[in-house]
Every structure is written in structure tokens, then in C-alpha cells.
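Colleague: Have a look at this one.
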Amino acid sequence: MAGQEHEREEDSAEKRARLILSLRSQGVTDPAVLDAIESTPRDIFTPDLFKERAWEDSALPIACGQTISQPFIVGLMSQALQVEPRARVLEIGTGSGYQTTILSKLARLVYTVERYRTLLAEAEARFRRLELTNVITRFGDGGLGWPEQAPFDRILVTAAAPEEPKALLAQLKPKGILVAPIGKGPVQSLRRYVGDGHGGFAVETLTDVRFVPLLEGVAKEP
């Protein structure tokens, strides 16, 4: 049994190393982001049916018709956010909690909002298992943000807003950064908004992405 366990660990380490090399080759080069991804066990965020694929650079389905994002997209968005160690980050769309965990290794505090109660409960159990002490969760409408805790240094949106998310931009610090997929179609534009300190934003399009839509309200579940 010990031999099998050791073999599994070696296999996992090899898969992690291949993933990190792949991310580097695609332009994710921030050492802190790569360290966060390499040290986060993606398999615990992945449904049993897809455990063997946990270290692939691909999106995978999770409960409630949602997905755990492709590691490249997680890395790209985290890198674009330019998180500093003392930052307070708002995440819209907790999902499996994988992206949340990456952010927790980069920031001082992560506030995360999820509209599916089932997903949030499962993510919270994973945060406890990983002994994360700097993640604060909320069940609610992510499009509204978390105004009671605003302003935030950084905001990351993991669902596609149909248009510029003004309510969330209003919760950024004057020189804060927001990264979000924007668009109504099956393919959206990943955009970065950087505050100019005077109420305006420089907007940069990073790449095309495919995210589930950012929906109003909370989900009705059986």
C-alpha cells in the first residue's frame, strides 16, 4: 500500500510540474501565481468522476451546471489582477473554491460571493480542510458585490457580465483593478479595468474566454 501511495504522489507531482510548464509557455510567469497554483491540490475541487483529469489544463464540470475554470485562465486572471500581499480582494462566483484558494495565497483577505447555496457549502468545507483563515464567504447576488466591505483593492469576476459591471467598479478603490469576462454571447472578452485615481478607468482586453453568465439574484435549488 505504501508503494502505491508513493507512486500516486510521484504521478501527481509530475502532472503538477507539466501543468506549470504549460502555464509558463502560455504567458503565466508571475512566480507567486505559479507557486499558488502548484501548491493548491486541484483534485480536491474536482468531482470524483474527473479526479484523474484534475491536473489537466482544461475546465471541468462541477455541480449546479457550473465549471471549475481551466488553470491557464485562473493563472491569467490572477496574474492580471496584480494582487499585493496586503490586498483585500472581492471574488464574484465562488464556484468550487479553486480560484478563491489561489487568491487566498496572494492576498491578505478574500471576500467571495456565491449564488448557489450547495456550491458555497461545498467550497466552505474545502476551505476548512485546507485551513484557510483569510477567506470570508457570502451567499448572495454577486452582481451586487459586497458594498458593506467596500472599497476593495482588487475585484475578480468569474462569470460573464453582459456589460461593464458598474456596481462592482463602484466598489473598487480609486487605483484598484477589476478583471472580468464581459459579453452576452458564448465567447466573451476578458477585460482588465485599472482605476486612474480620479473615478475613471483604463480598460484593456486580454483574451477571448468562455464563462457561464453572471445572473441576477440567488439560485433556486431543489
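We label chains A, B, ... in the order they appear in the C-alpha cells, count residues from 1 in each chain, and number ligands from 1 in the order shown.
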Would you give me, as a tab-separated table, each residue of region 121-170 of chain A having an atom within 6 Å of an atom of region 205-217 of chain A, along with its shortest atom pair and that distance in Å to one decimal, using only C-alpha atoms and sorting by chain and residue number?

Modeller:
```
residue	atom	partner	partner_atom	distance
A:Asp141	CA	A:Gly217	CA	4.8
A:Ala159	CA	A:Leu214	CA	4.8
A:Ala160	CA	A:Pro213	CA	4.5
A:Ala161	CA	A:Leu214	CA	5.2
```

Colleague: Using only C-alpha atoms, I'd like a table of the residues in region 92-160 of chain A that come within 12 Å of region 67-81 of chain A; for each, show the closest atom pair and its distance in Å rounded to one decimal, ordered by chain and ascending number, as a Markdown table.

Modeller:
```
| residue | atom | partner | partner_atom | distance |
| --- | --- | --- | --- | --- |
| A:Gly93 | CA | A:Thr67 | CA | 10.8 |
| A:Thr94 | CA | A:Ile68 | CA | 9.9 |
| A:Gly95 | CA | A:Ile68 | CA | 7.0 |
| A:Ser96 | CA | A:Ile68 | CA | 6.3 |
| A:Gly97 | CA | A:Ile68 | CA | 8.5 |
| A:Tyr98 | CA | A:Ile68 | CA | 7.2 |
| A:Gln99 | CA | A:Val74 | CA | 6.4 |
| A:Thr100 | CA | A:Val74 | CA | 9.9 |
| A:Thr101 | CA | A:Val74 | CA | 10.8 |
| A:Ile102 | CA | A:Ser78 | CA | 7.9 |
| A:Leu103 | CA | A:Ser78 | CA | 7.2 |
| A:Ser104 | CA | A:Ser78 | CA | 10.9 |
| A:Lys105 | CA | A:Ser78 | CA | 10.8 |
| A:Leu106 | CA | A:Ser78 | CA | 8.8 |
| A:Ala107 | CA | A:Ser78 | CA | 10.7 |
| A:Leu119 | CA | A:Thr67 | CA | 10.8 |
| A:Ala123 | CA | A:Ile68 | CA | 11.6 |
| A:Asp153 | CA | A:Leu81 | CA | 9.6 |
| A:Arg154 | CA | A:Leu81 | CA | 6.7 |
| A:Ile155 | CA | A:Leu81 | CA | 7.8 |
| A:Leu156 | CA | A:Leu81 | CA | 7.5 |
| A:Val157 | CA | A:Met77 | CA | 9.3 |
| A:Thr158 | CA | A:Ser69 | CA | 8.6 |
| A:Ala159 | CA | A:Thr67 | CA | 10.3 |
```

Colleague: Keeping only N, CA and C atoms, write those residues as a CSV table (one decimal), in the first residue's frame.

Modeller:
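This went into again.csv:
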```
chain,number,residue,atom,x,y,z
A,93,GLY,N,-18.4,34.8,-7.6
A,93,GLY,CA,-18.6,33.5,-8.1
A,93,GLY,C,-17.6,32.5,-7.4
A,94,THR,N,-17.9,32.0,-6.2
A,94,THR,CA,-17.0,31.1,-5.5
A,94,THR,C,-16.8,29.8,-6.3
A,95,GLY,N,-17.9,29.3,-6.8
A,95,GLY,CA,-17.9,28.0,-7.5
A,95,GLY,C,-17.3,26.9,-6.7
A,96,SER,N,-16.3,26.2,-7.2
A,96,SER,CA,-15.7,25.1,-6.4
A,96,SER,C,-14.8,25.6,-5.3
A,97,GLY,N,-14.4,26.9,-5.4
A,97,GLY,CA,-13.5,27.4,-4.4
A,97,GLY,C,-12.0,27.4,-4.8
A,98,TYR,N,-11.8,26.9,-6.0
A,98,TYR,CA,-10.4,26.7,-6.5
A,98,TYR,C,-9.8,28.1,-6.7
A,99,GLN,N,-10.4,29.0,-7.5
A,99,GLN,CA,-9.9,30.3,-7.7
A,99,GLN,C,-9.7,31.1,-6.4
A,100,THR,N,-10.7,30.9,-5.5
A,100,THR,CA,-10.7,31.5,-4.2
A,100,THR,C,-9.4,31.2,-3.5
A,101,THR,N,-9.1,29.9,-3.5
A,101,THR,CA,-7.9,29.4,-2.8
A,101,THR,C,-6.6,30.0,-3.3
A,102,ILE,N,-6.6,30.1,-4.7
A,102,ILE,CA,-5.4,30.7,-5.3
A,102,ILE,C,-5.3,32.1,-4.8
A,103,LEU,N,-6.4,32.9,-4.8
A,103,LEU,CA,-6.3,34.3,-4.3
A,103,LEU,C,-6.0,34.4,-2.9
A,104,SER,N,-6.4,33.4,-2.1
A,104,SER,CA,-6.1,33.4,-0.6
A,104,SER,C,-4.6,33.3,-0.4
A,105,LYS,N,-3.8,32.8,-1.3
A,105,LYS,CA,-2.4,32.6,-1.1
A,105,LYS,C,-1.6,33.9,-1.6
A,106,LEU,N,-2.4,34.8,-2.3
A,106,LEU,CA,-1.8,36.0,-2.8
A,106,LEU,C,-2.2,37.3,-2.0
A,107,ALA,N,-3.3,37.2,-1.3
A,107,ALA,CA,-3.9,38.4,-0.7
A,107,ALA,C,-4.0,38.3,0.8
A,119,LEU,N,-23.1,24.9,-3.8
A,119,LEU,CA,-21.7,25.2,-4.2
A,119,LEU,C,-20.9,25.8,-3.0
A,123,ALA,N,-17.7,24.5,-1.1
A,123,ALA,CA,-16.4,25.3,-1.1
A,123,ALA,C,-16.0,25.6,0.3
A,153,ASP,N,-9.3,46.5,-2.9
A,153,ASP,CA,-8.1,46.8,-3.7
A,153,ASP,C,-8.2,46.1,-5.1
A,154,ARG,N,-8.9,44.9,-5.1
A,154,ARG,CA,-9.0,44.1,-6.3
A,154,ARG,C,-10.3,43.4,-6.4
A,155,ILE,N,-10.9,43.3,-7.6
A,155,ILE,CA,-12.1,42.5,-7.7
A,155,ILE,C,-12.0,41.6,-8.9
A,156,LEU,N,-12.3,40.3,-8.7
A,156,LEU,CA,-12.2,39.3,-9.8
A,156,LEU,C,-13.6,38.7,-10.0
A,157,VAL,N,-14.1,38.7,-11.2
A,157,VAL,CA,-15.4,38.2,-11.6
A,157,VAL,C,-15.3,36.9,-12.4
A,158,THR,N,-15.8,35.8,-11.9
A,158,THR,CA,-15.7,34.5,-12.6
A,158,THR,C,-16.9,34.1,-13.3
A,159,ALA,N,-17.8,35.0,-13.7
A,159,ALA,CA,-18.9,34.8,-14.5
A,159,ALA,C,-19.0,36.0,-15.5
```

Colleague: Could you please determine the separation between CA of Leu49 (chain A) and CA of Arg126 (chain A) in Å, to one decimal place?

Modeller: 17.6 Å

Colleague: Rounded to one decimal, what separation in Å do you get between CA of Thr40 (chain A) and CA of Ala87 (chain A)?

Modeller: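 Separating CA of Thr40 (chain A) from CA of Ala87 (chain A) is a distance of 19.9 Å.
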
Colleague: So what do you get for CA of Gly199 (chain A) versus CA of Ile177 (chain A), distance-wise?

Modeller: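 These atoms are spaced 12.3 Å apart.
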
Colleague: As a PDB file with C-alpha atoms, in the first residue's frame, please: every residue in region 70-106 of chain A that a backbone DSSP assignment puts in alpha helix (DSSP H).

Modeller:
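As a result, result-v8.pdb now contains:
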```pdb
ATOM      1  CA  PRO A  71      -5.826  26.523 -14.843  1.00  0.00           C
ATOM      2  CA  PHE A  72      -4.462  28.769 -17.606  1.00  0.00           C
ATOM      3  CA  ILE A  73      -7.452  31.112 -17.232  1.00  0.00           C
ATOM      4  CA  VAL A  74      -7.135  31.025 -13.429  1.00  0.00           C
ATOM      5  CA  GLY A  75      -3.445  31.881 -13.765  1.00  0.00           C
ATOM      6  CA  LEU A  76      -4.018  34.570 -16.378  1.00  0.00           C
ATOM      7  CA  MET A  77      -6.769  36.283 -14.361  1.00  0.00           C
ATOM      8  CA  SER A  78      -4.812  36.066 -11.106  1.00  0.00           C
ATOM      9  CA  GLN A  79      -1.715  37.491 -12.797  1.00  0.00           C
ATOM     10  CA  ALA A  80      -3.714  40.300 -14.430  1.00  0.00           C
ATOM     11  CA  LEU A  81      -5.153  41.231 -11.039  1.00  0.00           C
ATOM     12  CA  TYR A  98     -10.404  26.730  -6.515  1.00  0.00           C
ATOM     13  CA  GLN A  99      -9.859  30.298  -7.726  1.00  0.00           C
ATOM     14  CA  THR A 100     -10.682  31.534  -4.214  1.00  0.00           C
ATOM     15  CA  THR A 101      -7.912  29.370  -2.785  1.00  0.00           C
ATOM     16  CA  ILE A 102      -5.380  30.701  -5.296  1.00  0.00           C
ATOM     17  CA  LEU A 103      -6.348  34.272  -4.330  1.00  0.00           C
ATOM     18  CA  SER A 104      -6.083  33.434  -0.627  1.00  0.00           C
TER      19      SER A 104
END
```

Colleague: Considering only C-alpha atoms, state which residue in the set A:Ile182, A:Leu120, A:Leu168, A:Ala36 is at the smallest distance from Ala219 (chain A).

Modeller: A:Leu120

Colleague: Using DSSP on the backbone, list every residue of region 68-141 of chain A that comes out as strand (DSSP E), and give them as a PyMOL selection string.

Modeller: chain A and resi 68+88-92+109-114+135-139

Colleague: Put those residues in a file: N, CA and C atoms, as a JSON list (two decimals), in the first residue's frame.

Modeller:
```
[["chain", "number", "residue", "atom", "x", "y", "z"],
["A", 68, "ILE", "N", -15.26, 24.29, -13.02],
["A", 68, "ILE", "CA", -14.00, 24.74, -12.41],
["A", 68, "ILE", "C", -13.14, 25.19, -13.58],
["A", 88, "ARG", "N", -7.06, 43.50, -0.12],
["A", 88, "ARG", "CA", -8.38, 42.93, 0.15],
["A", 88, "ARG", "C", -9.04, 42.71, -1.21],
["A", 89, "VAL", "N", -9.39, 41.45, -1.48],
["A", 89, "VAL", "CA", -9.91, 41.06, -2.80],
["A", 89, "VAL", "C", -11.35, 40.61, -2.69],
["A", 90, "LEU", "N", -12.18, 41.05, -3.63],
["A", 90, "LEU", "CA", -13.55, 40.56, -3.75],
["A", 90, "LEU", "C", -13.62, 39.62, -4.94],
["A", 91, "GLU", "N", -14.13, 38.42, -4.73],
["A", 91, "GLU", "CA", -14.34, 37.46, -5.82],
["A", 91, "GLU", "C", -15.84, 37.26, -6.00],
["A", 92, "ILE", "N", -16.29, 37.39, -7.25],
["A", 92, "ILE", "CA", -17.69, 37.15, -7.57],
["A", 92, "ILE", "C", -17.79, 35.79, -8.25],
["A", 109, "LEU", "N", -6.86, 39.29, 2.53],
["A", 109, "LEU", "CA", -8.24, 38.83, 2.77],
["A", 109, "LEU", "C", -8.94, 38.64, 1.43],
["A", 110, "VAL", "N", -9.75, 37.58, 1.34],
["A", 110, "VAL", "CA", -10.57, 37.33, 0.16],
["A", 110, "VAL", "C", -12.03, 37.25, 0.59],
["A", 111, "TYR", "N", -12.85, 38.11, 0.02],
["A", 111, "TYR", "CA", -14.30, 38.07, 0.23],
["A", 111, "TYR", "C", -14.89, 37.44, -1.03],
["A", 112, "THR", "N", -15.69, 36.39, -0.86],
["A", 112, "THR", "CA", -16.20, 35.69, -2.04],
["A", 112, "THR", "C", -17.70, 35.47, -1.93],
["A", 113, "VAL", "N", -18.41, 35.71, -3.03],
["A", 113, "VAL", "CA", -19.87, 35.65, -3.07],
["A", 113, "VAL", "C", -20.31, 34.57, -4.05],
["A", 114, "GLU", "N", -21.27, 33.73, -3.64],
["A", 114, "GLU", "CA", -21.78, 32.66, -4.50],
["A", 114, "GLU", "C", -23.31, 32.64, -4.43],
["A", 135, "VAL", "N", -10.38, 33.71, 4.20],
["A", 135, "VAL", "CA", -11.47, 33.71, 3.23],
["A", 135, "VAL", "C", -12.79, 33.94, 3.95],
["A", 136, "ILE", "N", -13.55, 34.92, 3.48],
["A", 136, "ILE", "CA", -14.85, 35.26, 4.07],
["A", 136, "ILE", "C", -15.91, 35.04, 2.99],
["A", 137, "THR", "N", -16.90, 34.22, 3.29],
["A", 137, "THR", "CA", -17.88, 33.83, 2.28],
["A", 137, "THR", "C", -19.23, 34.49, 2.49],
["A", 138, "ARG", "N", -19.99, 34.55, 1.38],
["A", 138, "ARG", "CA", -21.34, 35.11, 1.44],
["A", 138, "ARG", "C", -22.22, 34.44, 0.40],
["A", 139, "PHE", "N", -23.41, 34.05, 0.80],
["A", 139, "PHE", "CA", -24.42, 33.55, -0.12],
["A", 139, "PHE", "C", -25.24, 34.75, -0.57]]
```

Colleague: Neighbours of Arg42 (chain A) within 9 Å (only C-alpha atoms; same-chain residues fewer than 5 positions away dropped), as a short mmCIF file (atom, residue, chain, number, x, y, z; two decimals) with C-alpha atoms, in the first residue's frame?

Modeller:
```
data_model
loop_
_atom_site.label_atom_id
_atom_site.label_comp_id
_atom_site.auth_asym_id
_atom_site.auth_seq_id
_atom_site.Cartn_x
_atom_site.Cartn_y
_atom_site.Cartn_z
CA ILE A 37 -1.31 27.05 -8.41
CA LYS A 51 -10.26 13.28 -10.43
CA ALA A 54 -7.57 17.33 -12.14
CA TRP A 55 -4.12 18.46 -13.31
CA TYR A 98 -10.40 26.73 -6.51
#
```
